[in-house]
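Data file: protein_17.pdb. Format and content: PDB, C-alpha atoms.
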```pdb
ATOM      1  CA  MET N   1       0.000   0.000   0.000  1.00  0.00           C
ATOM      2  CA  TRP N   2       1.157   3.557  -0.640  1.00  0.00           C
ATOM      3  CA  PRO N   3       3.057   4.578   2.510  1.00  0.00           C
ATOM      4  CA  PHE N   4       1.282   7.892   3.150  1.00  0.00           C
ATOM      5  CA  ILE N   5      -2.217   6.472   2.639  1.00  0.00           C
ATOM      6  CA  GLU N   6      -1.389   3.414   4.745  1.00  0.00           C
ATOM      7  CA  ASN N   7       0.092   5.558   7.523  1.00  0.00           C
ATOM      8  CA  GLU N   8      -2.960   7.811   7.587  1.00  0.00           C
ATOM      9  CA  LYS N   9      -5.285   4.817   7.844  1.00  0.00           C
ATOM     10  CA  MET N  10      -3.226   3.413  10.702  1.00  0.00           C
ATOM     11  CA  ARG N  11      -3.195   6.803  12.401  1.00  0.00           C
ATOM     12  CA  GLN N  12      -6.999   6.968  12.263  1.00  0.00           C
ATOM     13  CA  GLN N  13      -7.428   3.399  13.494  1.00  0.00           C
ATOM     14  CA  MET N  14      -4.826   3.637  16.295  1.00  0.00           C
ATOM     15  CA  PRO N  15      -4.358   7.356  17.030  1.00  0.00           C
ATOM     16  CA  ARG N  16      -2.651   6.810  20.402  1.00  0.00           C
ATOM     17  CA  GLN N  17      -0.508   3.803  19.642  1.00  0.00           C
ATOM     18  CA  PHE N  18       0.631   4.883  16.170  1.00  0.00           C
ATOM     19  CA  ASN N  19       3.919   6.751  16.003  1.00  0.00           C
ATOM     20  CA  SER N  20       4.813   8.300  12.636  1.00  0.00           C
ATOM     21  CA  GLY N  21       8.490   8.286  13.573  1.00  0.00           C
ATOM     22  CA  ASP N  22       8.405   4.512  13.908  1.00  0.00           C
ATOM     23  CA  ALA N  23       6.942   4.231  10.414  1.00  0.00           C
ATOM     24  CA  VAL N  24       9.730   6.360   8.968  1.00  0.00           C
ATOM     25  CA  GLN N  25      12.381   4.363  10.802  1.00  0.00           C
ATOM     26  CA  GLN N  26      11.026   0.998   9.637  1.00  0.00           C
ATOM     27  CA  ARG N  27      10.352   2.026   6.062  1.00  0.00           C
ATOM     28  CA  ARG N  28      12.588   0.500   3.412  1.00  0.00           C
ATOM     29  CA  PRO N  29      12.988   1.428  -0.250  1.00  0.00           C
ATOM     30  CA  MET N  30      10.256  -0.227  -2.267  1.00  0.00           C
ATOM     31  CA  LYS N  31      10.051  -1.314  -5.857  1.00  0.00           C
ATOM     32  CA  PHE N  32       7.072  -0.147  -7.897  1.00  0.00           C
ATOM     33  CA  SER N  33       5.842  -3.709  -8.153  1.00  0.00           C
ATOM     34  CA  GLN N  34       5.826  -3.999  -4.359  1.00  0.00           C
ATOM     35  CA  LEU N  35       3.471  -1.034  -4.102  1.00  0.00           C
ATOM     36  CA  VAL N  36       0.912  -2.821  -6.236  1.00  0.00           C
ATOM     37  CA  GLU N  37       1.432  -6.123  -4.423  1.00  0.00           C
ATOM     38  CA  ASP N  38       0.923  -4.414  -1.050  1.00  0.00           C
ATOM     39  CA  MET N  39      -2.416  -3.106  -2.269  1.00  0.00           C
ATOM     40  CA  GLY N  40      -3.683  -6.678  -1.994  1.00  0.00           C
ATOM     41  CA  ASP N  41      -6.773  -7.857  -3.823  1.00  0.00           C
ATOM     42  CA  PHE N  42      -7.912  -4.842  -5.838  1.00  0.00           C
ATOM     43  CA  SER N  43     -10.901  -6.544  -7.471  1.00  0.00           C
ATOM     44  CA  ASP N  44     -13.089  -4.362  -5.224  1.00  0.00           C
ATOM     45  CA  LEU N  45     -12.158  -1.443  -7.487  1.00  0.00           C
ATOM     46  CA  LYS N  46     -14.487  -2.934 -10.086  1.00  0.00           C
ATOM     47  CA  GLN N  47     -17.419  -2.002  -7.817  1.00  0.00           C
ATOM     48  CA  HIS N  48     -18.253   1.623  -8.504  1.00  0.00           C
ATOM     49  CA  ASP N  49     -20.429   1.903  -5.443  1.00  0.00           C
ATOM     50  CA  SER N  50     -19.761   5.362  -4.039  1.00  0.00           C
ATOM     51  CA  ALA N  51     -21.316   8.501  -5.543  1.00  0.00           C
ATOM     52  CA  MET N  52     -19.202  11.650  -5.571  1.00  0.00           C
ATOM     53  CA  LYS N  53     -20.504  15.087  -6.545  1.00  0.00           C
ATOM     54  CA  PHE N  54     -18.514  18.180  -7.476  1.00  0.00           C
ATOM     55  CA  TRP N  55     -18.636  20.990  -9.999  1.00  0.00           C
ATOM     56  CA  LEU N  56     -16.361  21.986 -12.852  1.00  0.00           C
ATOM     57  CA  PRO N  57     -16.004  25.185 -14.852  1.00  0.00           C
ATOM     58  CA  GLU N  58     -17.776  24.709 -18.172  1.00  0.00           C
ATOM     59  CA  PRO N  59     -14.534  24.945 -20.232  1.00  0.00           C
ATOM     60  CA  ALA N  60     -12.991  22.146 -18.151  1.00  0.00           C
ATOM     61  CA  ASN N  61     -16.152  20.078 -18.484  1.00  0.00           C
ATOM     62  CA  GLU N  62     -16.107  20.524 -22.273  1.00  0.00           C
ATOM     63  CA  ALA N  63     -12.431  19.510 -22.394  1.00  0.00           C
ATOM     64  CA  LEU N  64     -13.202  16.411 -20.328  1.00  0.00           C
ATOM     65  CA  GLU N  65     -16.072  15.453 -22.636  1.00  0.00           C
ATOM     66  CA  GLU N  66     -13.848  15.882 -25.689  1.00  0.00           C
ATOM     67  CA  LEU N  67     -11.011  13.852 -24.156  1.00  0.00           C
ATOM     68  CA  ALA N  68     -13.393  11.044 -23.197  1.00  0.00           C
ATOM     69  CA  ARG N  69     -14.835  11.015 -26.725  1.00  0.00           C
ATOM     70  CA  ILE N  70     -11.379  10.867 -28.336  1.00  0.00           C
ATOM     71  CA  ASN N  71     -10.363   7.922 -26.147  1.00  0.00           C
ATOM     72  CA  GLY N  72     -13.654   6.098 -26.544  1.00  0.00           C
ATOM     73  CA  HIS N  73     -14.456   6.352 -22.833  1.00  0.00           C
ATOM     74  CA  SER N  74     -17.442   7.526 -20.889  1.00  0.00           C
ATOM     75  CA  MET N  75     -16.880  10.613 -18.743  1.00  0.00           C
ATOM     76  CA  SER N  76     -17.228   8.438 -15.648  1.00  0.00           C
ATOM     77  CA  GLU N  77     -14.451   6.121 -16.838  1.00  0.00           C
ATOM     78  CA  ALA N  78     -12.222   9.087 -17.664  1.00  0.00           C
ATOM     79  CA  LEU N  79     -12.732  10.501 -14.168  1.00  0.00           C
ATOM     80  CA  ARG N  80     -12.018   7.150 -12.505  1.00  0.00           C
ATOM     81  CA  GLN N  81      -8.746   6.976 -14.432  1.00  0.00           C
ATOM     82  CA  PHE N  82      -7.818  10.479 -13.234  1.00  0.00           C
ATOM     83  CA  PHE N  83      -8.546   9.655  -9.600  1.00  0.00           C
ATOM     84  CA  VAL N  84      -6.857   6.232  -9.589  1.00  0.00           C
ATOM     85  CA  THR N  85      -3.665   7.503 -11.225  1.00  0.00           C
ATOM     86  CA  HIS N  86      -3.646  10.473  -8.843  1.00  0.00           C
ATOM     87  CA  CYS N  87      -3.872   8.192  -5.799  1.00  0.00           C
ATOM     88  CA  TYR N  88      -1.721   5.277  -6.916  1.00  0.00           C
ATOM     89  CA  GLY N  89       0.208   6.348 -10.022  1.00  0.00           C
ATOM     90  CA  VAL N  90       0.287   5.405 -13.698  1.00  0.00           C
ATOM     91  CA  TYR N  91       2.356   2.273 -13.058  1.00  0.00           C
ATOM     92  CA  ALA N  92      -0.213   0.835 -10.641  1.00  0.00           C
ATOM     93  CA  TYR N  93      -3.074   1.798 -12.935  1.00  0.00           C
ATOM     94  CA  GLN N  94      -1.453  -0.090 -15.823  1.00  0.00           C
ATOM     95  CA  ILE N  95      -0.744  -3.168 -13.704  1.00  0.00           C
ATOM     96  CA  MET N  96      -4.318  -3.241 -12.374  1.00  0.00           C
ATOM     97  CA  THR N  97      -5.996  -2.806 -15.761  1.00  0.00           C
ATOM     98  CA  ASP N  98      -3.720  -5.435 -17.316  1.00  0.00           C
ATOM     99  CA  ALA N  99      -4.729  -7.858 -14.561  1.00  0.00           C
ATOM    100  CA  ILE N 100      -8.446  -7.004 -14.778  1.00  0.00           C
ATOM    101  CA  PRO N 101      -9.344  -5.573 -18.199  1.00  0.00           C
ATOM    102  CA  GLY N 102     -12.173  -3.083 -18.035  1.00  0.00           C
ATOM    103  CA  LEU N 103     -11.621  -2.542 -14.309  1.00  0.00           C
ATOM    104  CA  PHE N 104     -12.834   1.068 -14.375  1.00  0.00           C
ATOM    105  CA  ARG N 105     -15.381   0.888 -17.179  1.00  0.00           C
ATOM    106  CA  ASP N 106     -19.065   1.506 -16.622  1.00  0.00           C
ATOM    107  CA  PRO N 107     -21.026  -1.662 -15.890  1.00  0.00           C
ATOM    108  CA  GLU N 108     -23.247  -2.959 -18.643  1.00  0.00           C
ATOM    109  CA  SER N 109     -26.646  -1.380 -18.140  1.00  0.00           C
ATOM    110  CA  ILE N 110     -29.940  -3.124 -18.748  1.00  0.00           C
ATOM    111  CA  ARG N 111     -32.168  -0.965 -20.878  1.00  0.00           C
ATOM    112  CA  PHE N 112     -35.886  -0.995 -20.372  1.00  0.00           C
ATOM    113  CA  SER N 113     -38.395   0.560 -22.724  1.00  0.00           C
ATOM    114  CA  GLU N 114     -40.226   3.337 -20.943  1.00  0.00           C
ATOM    115  CA  VAL N 115     -43.941   2.641 -20.913  1.00  0.00           C
ATOM    116  CA  PRO N 116     -45.819   5.944 -20.965  1.00  0.00           C
ATOM    117  CA  ASN N 117     -48.318   6.369 -18.179  1.00  0.00           C
ATOM    118  CA  LYS N 118     -51.915   6.388 -19.341  1.00  0.00           C
ATOM    119  CA  PRO N 119     -53.313   9.845 -18.647  1.00  0.00           C
ATOM    120  CA  PRO N 120     -56.257  10.106 -16.259  1.00  0.00           C
ATOM    121  CA  ALA N 121     -59.597  10.897 -17.877  1.00  0.00           C
ATOM    122  CA  GLY N 122     -59.793  14.520 -18.993  1.00  0.00           C
ATOM    123  CA  LYS N 123     -56.092  15.151 -18.291  1.00  0.00           C
ATOM    124  CA  LYS N 124     -52.965  15.693 -20.390  1.00  0.00           C
ATOM    125  CA  ARG N 125     -49.361  15.273 -19.420  1.00  0.00           C
ATOM    126  CA  ILE N 126     -47.026  18.260 -19.003  1.00  0.00           C
ATOM    127  CA  ASP N 127     -43.316  17.586 -18.445  1.00  0.00           C
ATOM    128  CA  THR N 128     -40.896  20.197 -17.152  1.00  0.00           C
ATOM    129  CA  TYR N 129     -37.117  19.852 -16.905  1.00  0.00           C
ATOM    130  CA  TRP N 130     -34.864  21.042 -14.090  1.00  0.00           C
ATOM    131  CA  VAL N 131     -31.155  21.268 -13.262  1.00  0.00           C
ATOM    132  CA  PRO N 132     -29.362  22.459 -10.098  1.00  0.00           C
ATOM    133  CA  GLU N 133     -28.800  26.232 -10.037  1.00  0.00           C
ATOM    134  CA  LEU N 134     -25.063  26.377  -9.332  1.00  0.00           C
ATOM    135  CA  GLY N 135     -23.950  29.573 -11.065  1.00  0.00           C
ATOM    136  CA  LYS N 136     -22.638  30.880 -14.362  1.00  0.00           C
ATOM    137  CA  ASN N 137     -20.388  28.607 -16.456  1.00  0.00           C
ATOM    138  CA  VAL N 138     -20.639  25.857 -13.828  1.00  0.00           C
ATOM    139  CA  ALA N 139     -21.245  22.199 -14.736  1.00  0.00           C
ATOM    140  CA  SER N 140     -22.549  19.730 -12.157  1.00  0.00           C
ATOM    141  CA  ILE N 141     -20.740  16.371 -12.045  1.00  0.00           C
ATOM    142  CA  LYS N 142     -21.847  13.173 -10.348  1.00  0.00           C
ATOM    143  CA  VAL N 143     -19.653  10.125 -10.745  1.00  0.00           C
ATOM    144  CA  TRP N 144     -19.713   6.642  -9.202  1.00  0.00           C
ATOM    145  CA  ILE N 145     -16.299   5.452  -8.065  1.00  0.00           C
ATOM    146  CA  PRO N 146     -14.954   2.558  -5.942  1.00  0.00           C
ATOM    147  CA  SER N 147     -15.369   3.139  -2.206  1.00  0.00           C
ATOM    148  CA  ARG N 148     -11.665   2.543  -1.602  1.00  0.00           C
ATOM    149  CA  VAL N 149     -10.700   5.245  -4.100  1.00  0.00           C
ATOM    150  CA  ARG N 150     -13.106   7.724  -2.497  1.00  0.00           C
ATOM    151  CA  GLN N 151     -11.721   6.969   0.966  1.00  0.00           C
ATOM    152  CA  ASP N 152      -8.155   7.485  -0.220  1.00  0.00           C
ATOM    153  CA  LEU N 153      -9.064  10.734  -1.984  1.00  0.00           C
ATOM    154  CA  GLN N 154     -10.671  11.901   1.257  1.00  0.00           C
ATOM    155  CA  LEU N 155      -7.465  11.108   3.174  1.00  0.00           C
ATOM    156  CA  LEU N 156      -5.439  13.158   0.715  1.00  0.00           C
ATOM    157  CA  ALA N 157      -7.926  16.050   0.808  1.00  0.00           C
ATOM    158  CA  ASP N 158      -7.884  16.030   4.616  1.00  0.00           C
ATOM    159  CA  HIS N 159      -4.082  16.114   4.569  1.00  0.00           C
ATOM    160  CA  VAL N 160      -4.046  19.425   2.680  1.00  0.00           C
ATOM    161  CA  GLY N 161      -7.035  20.769   4.607  1.00  0.00           C
ATOM    162  CA  ILE N 162      -9.591  21.255   1.846  1.00  0.00           C
ATOM    163  CA  LYS N 163     -12.969  19.753   1.020  1.00  0.00           C
ATOM    164  CA  LEU N 164     -13.059  16.618  -1.097  1.00  0.00           C
ATOM    165  CA  SER N 165     -15.094  18.342  -3.835  1.00  0.00           C
ATOM    166  CA  GLN N 166     -12.460  21.066  -4.181  1.00  0.00           C
ATOM    167  CA  TYR N 167      -9.642  18.532  -4.119  1.00  0.00           C
ATOM    168  CA  VAL N 168     -11.062  16.411  -6.934  1.00  0.00           C
ATOM    169  CA  ARG N 169     -11.907  19.516  -8.974  1.00  0.00           C
ATOM    170  CA  GLU N 170      -8.238  20.540  -8.798  1.00  0.00           C
ATOM    171  CA  ILE N 171      -7.191  17.014  -9.810  1.00  0.00           C
ATOM    172  CA  VAL N 172      -9.380  17.127 -12.924  1.00  0.00           C
ATOM    173  CA  ILE N 173      -8.306  20.619 -13.960  1.00  0.00           C
ATOM    174  CA  SER N 174      -4.611  19.850 -13.430  1.00  0.00           C
ATOM    175  CA  ARG N 175      -4.865  16.593 -15.390  1.00  0.00           C
ATOM    176  CA  LEU N 176      -6.655  18.329 -18.258  1.00  0.00           C
ATOM    177  CA  LEU N 177      -4.560  21.496 -18.492  1.00  0.00           C
ATOM    178  CA  GLY N 178      -1.259  20.693 -16.780  1.00  0.00           C
ATOM    179  CA  HIS N 179       0.638  22.844 -14.334  1.00  0.00           C
ATOM    180  CA  GLY N 180       2.289  24.862 -17.092  1.00  0.00           C
ATOM    181  CA  THR N 181      -1.013  26.637 -17.695  1.00  0.00           C
ATOM    182  CA  LEU N 182      -1.157  28.083 -14.162  1.00  0.00           C
ATOM    183  CA  PRO N 183      -0.555  31.738 -15.171  1.00  0.00           C
ATOM    184  CA  LYS N 184      -3.370  31.587 -17.753  1.00  0.00           C
ATOM    185  CA  ARG N 185      -5.606  29.116 -15.973  1.00  0.00           C
ATOM    186  CA  PRO N 186      -8.007  31.656 -14.340  1.00  0.00           C
ATOM    187  CA  GLU N 187      -8.840  33.047 -17.787  1.00  0.00           C
ATOM    188  CA  MET N 188      -9.128  29.611 -19.383  1.00  0.00           C
ATOM    189  CA  ILE N 189     -11.583  28.183 -16.856  1.00  0.00           C
ATOM    190  CA  ALA N 190     -13.576  31.225 -15.808  1.00  0.00           C
ATOM    191  CA  ALA N 191     -16.653  30.358 -13.758  1.00  0.00           C
ATOM    192  CA  SER N 192     -18.893  32.166 -11.292  1.00  0.00           C
ATOM    193  CA  PRO N 193     -20.163  29.540  -8.874  1.00  0.00           C
ATOM    194  CA  LEU N 194     -22.932  30.409  -6.428  1.00  0.00           C
ATOM    195  CA  PRO N 195     -22.747  29.264  -2.794  1.00  0.00           C
ATOM    196  CA  SER N 196     -25.189  26.554  -3.848  1.00  0.00           C
ATOM    197  CA  ALA N 197     -22.404  24.926  -5.920  1.00  0.00           C
ATOM    198  CA  ASP N 198     -20.556  23.824  -2.790  1.00  0.00           C
ATOM    199  CA  ASP N 199     -23.845  23.020  -1.038  1.00  0.00           C
ATOM    200  CA  TRP N 200     -24.737  20.700  -3.910  1.00  0.00           C
ATOM    201  CA  SER N 201     -21.338  18.994  -3.709  1.00  0.00           C
ATOM    202  CA  GLU N 202     -21.989  18.348  -0.016  1.00  0.00           C
ATOM    203  CA  ASP N 203     -25.422  16.796  -0.744  1.00  0.00           C
ATOM    204  CA  ARG N 204     -27.367  19.726   0.653  1.00  0.00           C
ATOM    205  CA  GLU N 205     -30.598  20.884  -0.980  1.00  0.00           C
ATOM    206  CA  VAL N 206     -30.139  23.595  -3.605  1.00  0.00           C
ATOM    207  CA  PRO N 207     -32.457  25.645  -5.845  1.00  0.00           C
ATOM    208  CA  MET N 208     -33.394  24.105  -9.175  1.00  0.00           C
ATOM    209  CA  ARG N 209     -33.602  25.973 -12.482  1.00  0.00           C
ATOM    210  CA  GLN N 210     -36.121  25.100 -15.184  1.00  0.00           C
ATOM    211  CA  VAL N 211     -34.563  24.390 -18.604  1.00  0.00           C
ATOM    212  CA  ASN N 212     -35.670  23.172 -22.012  1.00  0.00           C
ATOM    213  CA  GLU N 213     -35.590  19.519 -22.997  1.00  0.00           C
ATOM    214  CA  ASP N 214     -32.309  19.815 -24.927  1.00  0.00           C
ATOM    215  CA  GLU N 215     -30.448  21.243 -21.920  1.00  0.00           C
ATOM    216  CA  TYR N 216     -32.062  18.585 -19.715  1.00  0.00           C
ATOM    217  CA  LEU N 217     -30.745  15.811 -21.987  1.00  0.00           C
ATOM    218  CA  GLN N 218     -27.268  17.342 -22.108  1.00  0.00           C
ATOM    219  CA  SER N 219     -26.974  17.842 -18.351  1.00  0.00           C
ATOM    220  CA  LYS N 220     -25.368  15.069 -16.320  1.00  0.00           C
ATOM    221  CA  VAL N 221     -27.523  15.900 -13.288  1.00  0.00           C
ATOM    222  CA  SER N 222     -31.132  16.753 -14.024  1.00  0.00           C
ATOM    223  CA  GLU N 223     -34.695  15.767 -13.268  1.00  0.00           C
ATOM    224  CA  ARG N 224     -38.009  15.628 -15.090  1.00  0.00           C
ATOM    225  CA  ARG N 225     -41.219  16.566 -13.340  1.00  0.00           C
ATOM    226  CA  THR N 226     -44.595  15.419 -14.624  1.00  0.00           C
ATOM    227  CA  GLU N 227     -47.915  17.106 -14.005  1.00  0.00           C
ATOM    228  CA  TRP N 228     -51.366  16.105 -15.206  1.00  0.00           C
ATOM    229  CA  VAL N 229     -53.505  19.096 -16.147  1.00  0.00           C
ATOM    230  CA  ASP N 230     -57.049  19.478 -17.397  1.00  0.00           C
ATOM    231  CA  ILE N 231     -57.511  19.284 -21.151  1.00  0.00           C
TER     232      ILE N 231
END
```
Once more with this new file: its structure as structure tokens, please.
Amino acid sequence: MWPFIENEKMRQQMPRQFNSGDAVQQRRPMKFSQLVEDMGDFSDLKQHDSAMKFWLPEPANEALEELARINGHSMSEALRQFFVTHCYGVYAYQIMTDAIPGLFRDPESIRFSEVPNKPPAGKKRIDTYWVPELGKNVASIKVWIPSRVRQDLQLLADHVGIKLSQYVREIVISRLLGHGTLPKRPEMIAASPLPSADDWSEDREVPMRQVNEDEYLQSKVSERRTEWVDI
């Protein structure tokens, strides 16, 4: 296991007994292959069972969509790759995906034909479409990732003292644009998030904005509301 992540887990489990100095003293140089071996059985990473919400500036979201399209991935798979390589490195990612092909792909979904509800007598159906109101040039993201990856991301976010949603947003932007873009980055990814953007990331209730059907279909987080009205 990666020494920092392992040490932090031990510190949380045994806060009084654990001594970081002992860990440093006992640590020995490790080969890359040992890091992956120490991770143990990583087949649990195939279970994308933890939902994570955050927001991105629209330009970063568009770049992510384009990158996913070029590589033939879904956006969720692209994000899982970002987070896994951030936590464990490219070497580990390659070893894991060689051992279990498709480890971070979306599961095969079962598609059901939607059967329209029969309208009550004398009524007609009116659908409206809604998205979270998060601010200008702000895209809402919800991705399902393995629980272990989320826990390790949380450890790393706690270490630098910022919220998980902010931490993963910085991961995505840095992976997309690189650190060489730092002087120009504020102009490249301009956004004006409302306070509700962080509330939404923390699973708190936020205002919803009504949109047309096209925007509803394009949004990754949206809802449809149905009302039956008199003919």
(request) Mind giving me the straight-line distance from atom CA of Glu170 of chain N to atom CA of Ala157 of chain N in Å, one decimal? (result)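 Answer for the atom CA of Glu170 of chain N to atom CA of Ala157 of chain N separation: 10.6 Å.
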(request) Go through N:Met96, N:Val138, N:Val90, N:Lys163 one by one, measure the shortest atom-to-atom distance of each to Glu202 of chain N using all atoms listed in the file, and give the residue with the smallest value. (result)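 Of N:Met96, N:Val138, N:Val90, N:Lys163, the one nearest Glu202 of chain N, counting all atoms listed in the file, is N:Lys163.
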(request) Work out how far atom CA of Glu213 of chain N is from atom CA of Lys124 of chain N, in Å to one decimal. (result)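 Distance reported for this atom pair: 18.0 Å.
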(request) Can you give me, as a PyMOL selection string, the residues this file yields under the PyMOL selection byres ((chain N and resi 59) around 10)? (result) chain N and resi 56-58+60-65+137-139+173+188-191
(message) Taking the file as I've supplied it (selection: the PyMOL selection byres ((chain N and resi 193-197) around 6)), which residues are included? Please answer as a list of chain:residue names.
(response)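 Output of the PyMOL selection byres ((chain N and resi 193-197) around 6): N:Leu134, N:Gly135, N:Ser192, N:Asp198, N:Asp199, N:Trp200, N:Val206.
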(request) Figure out the distance between atom CA of Ser50 of chain N and atom CA of Glu205 of chain N, please, to one decimal in Å. (result)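 Atom CA of Ser50 of chain N lies at a distance of 19.2 Å from atom CA of Glu205 of chain N.
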Size and centre in Å, one decimal, axis-aligned box, all listed segment 221-231 of chain N atoms plus 8 Å per side, as JSON:
```
{"center_x": -42.5, "center_y": 17.4, "center_z": -17.2, "size_x": 46.0, "size_y": 20.1, "size_z": 23.9}
```
(message) Which residues are near Met208 of chain N? Cut-off 9 Å, all atoms listed in the file, ignore same chain within fewer than 5 positions. Put them as an NGL selection string.
(response) :N and (130-134)
(request) Please provide the set of residues having any atom within 10 Å of Glu215 of chain N, restricted to only C-alpha atoms, with same-chain residues fewer than 4 positions apart removed, written as a list in words. (result) Tyr129, Trp130, Val131, Gln210, Val211, Ser219, Lys220 and Ser222 of chain N
(message) Ranking N:Asp127, N:Pro120, N:Asp106, N:Asp152 by minimum distance to Thr85 of chain N and counting all atoms listed in the file, which one comes first?
(response)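 Using all atoms listed in the file, Thr85 of chain N sits closest to N:Asp152.
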(message) Suppose a student applies the PyMOL selection byres ((chain N and resi 230) around 10) to this structure; what residues should they get, written as a VMD selection string?
(response) chain N and resid 120 to 125 228 to 229 231
(request) Between N:Ser140, N:Leu176, N:Arg150, N:Val160, single out the one closest to Ala78 of chain N, counting all atoms listed in the file. (result)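 For Ala78 of chain N, the nearest of the candidates is N:Leu176.
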Is it possible to add all heavy atoms to segment 119-125 of chain N and hand it back as a short mmCIF file (atom, residue, chain, number, x, y, z; two decimals), keeping the file's coordinate frame?
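New file result01.cif:
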```cif
data_model
loop_
_atom_site.label_atom_id
_atom_site.label_comp_id
_atom_site.auth_asym_id
_atom_site.auth_seq_id
_atom_site.Cartn_x
_atom_site.Cartn_y
_atom_site.Cartn_z
N PRO N 119 -52.82 8.65 -19.33
CA PRO N 119 -53.31 9.85 -18.65
C PRO N 119 -54.68 9.60 -18.01
O PRO N 119 -55.50 8.87 -18.56
CB PRO N 119 -53.41 10.88 -19.77
CG PRO N 119 -53.54 10.07 -21.02
CD PRO N 119 -52.75 8.83 -20.78
N PRO N 120 -54.92 10.19 -16.85
CA PRO N 120 -56.26 10.11 -16.26
C PRO N 120 -57.29 10.75 -17.19
O PRO N 120 -56.95 11.57 -18.05
CB PRO N 120 -56.12 10.90 -14.96
CG PRO N 120 -54.64 10.97 -14.69
CD PRO N 120 -53.98 10.95 -16.04
N ALA N 121 -58.53 10.35 -17.03
CA ALA N 121 -59.60 10.90 -17.88
C ALA N 121 -59.65 12.41 -17.77
O ALA N 121 -59.62 12.98 -16.68
CB ALA N 121 -60.94 10.29 -17.46
N GLY N 122 -59.69 13.07 -18.95
CA GLY N 122 -59.79 14.52 -18.99
C GLY N 122 -58.51 15.26 -18.67
O GLY N 122 -58.53 16.47 -18.46
N LYS N 123 -57.37 14.53 -18.63
CA LYS N 123 -56.09 15.15 -18.29
C LYS N 123 -55.08 14.99 -19.43
O LYS N 123 -55.20 14.09 -20.26
CB LYS N 123 -55.49 14.51 -17.03
CG LYS N 123 -56.36 14.61 -15.78
CD LYS N 123 -56.34 15.99 -15.20
CE LYS N 123 -57.08 16.03 -13.84
NZ LYS N 123 -57.04 17.37 -13.23
N LYS N 124 -54.09 15.85 -19.47
CA LYS N 124 -52.96 15.69 -20.39
C LYS N 124 -51.68 15.87 -19.59
O LYS N 124 -51.67 16.52 -18.54
CB LYS N 124 -53.04 16.69 -21.54
CG LYS N 124 -52.89 18.15 -21.13
CD LYS N 124 -52.91 19.05 -22.35
CE LYS N 124 -52.76 20.52 -21.94
NZ LYS N 124 -52.77 21.43 -23.12
N ARG N 125 -50.65 15.29 -20.12
CA ARG N 125 -49.36 15.27 -19.42
C ARG N 125 -48.52 16.49 -19.80
O ARG N 125 -48.35 16.79 -20.99
CB ARG N 125 -48.62 13.98 -19.76
CG ARG N 125 -47.23 13.87 -19.18
CD ARG N 125 -46.64 12.51 -19.50
NE ARG N 125 -45.29 12.39 -18.99
CZ ARG N 125 -44.72 11.24 -18.66
NH1 ARG N 125 -45.38 10.11 -18.81
NH2 ARG N 125 -43.48 11.21 -18.21
#
```
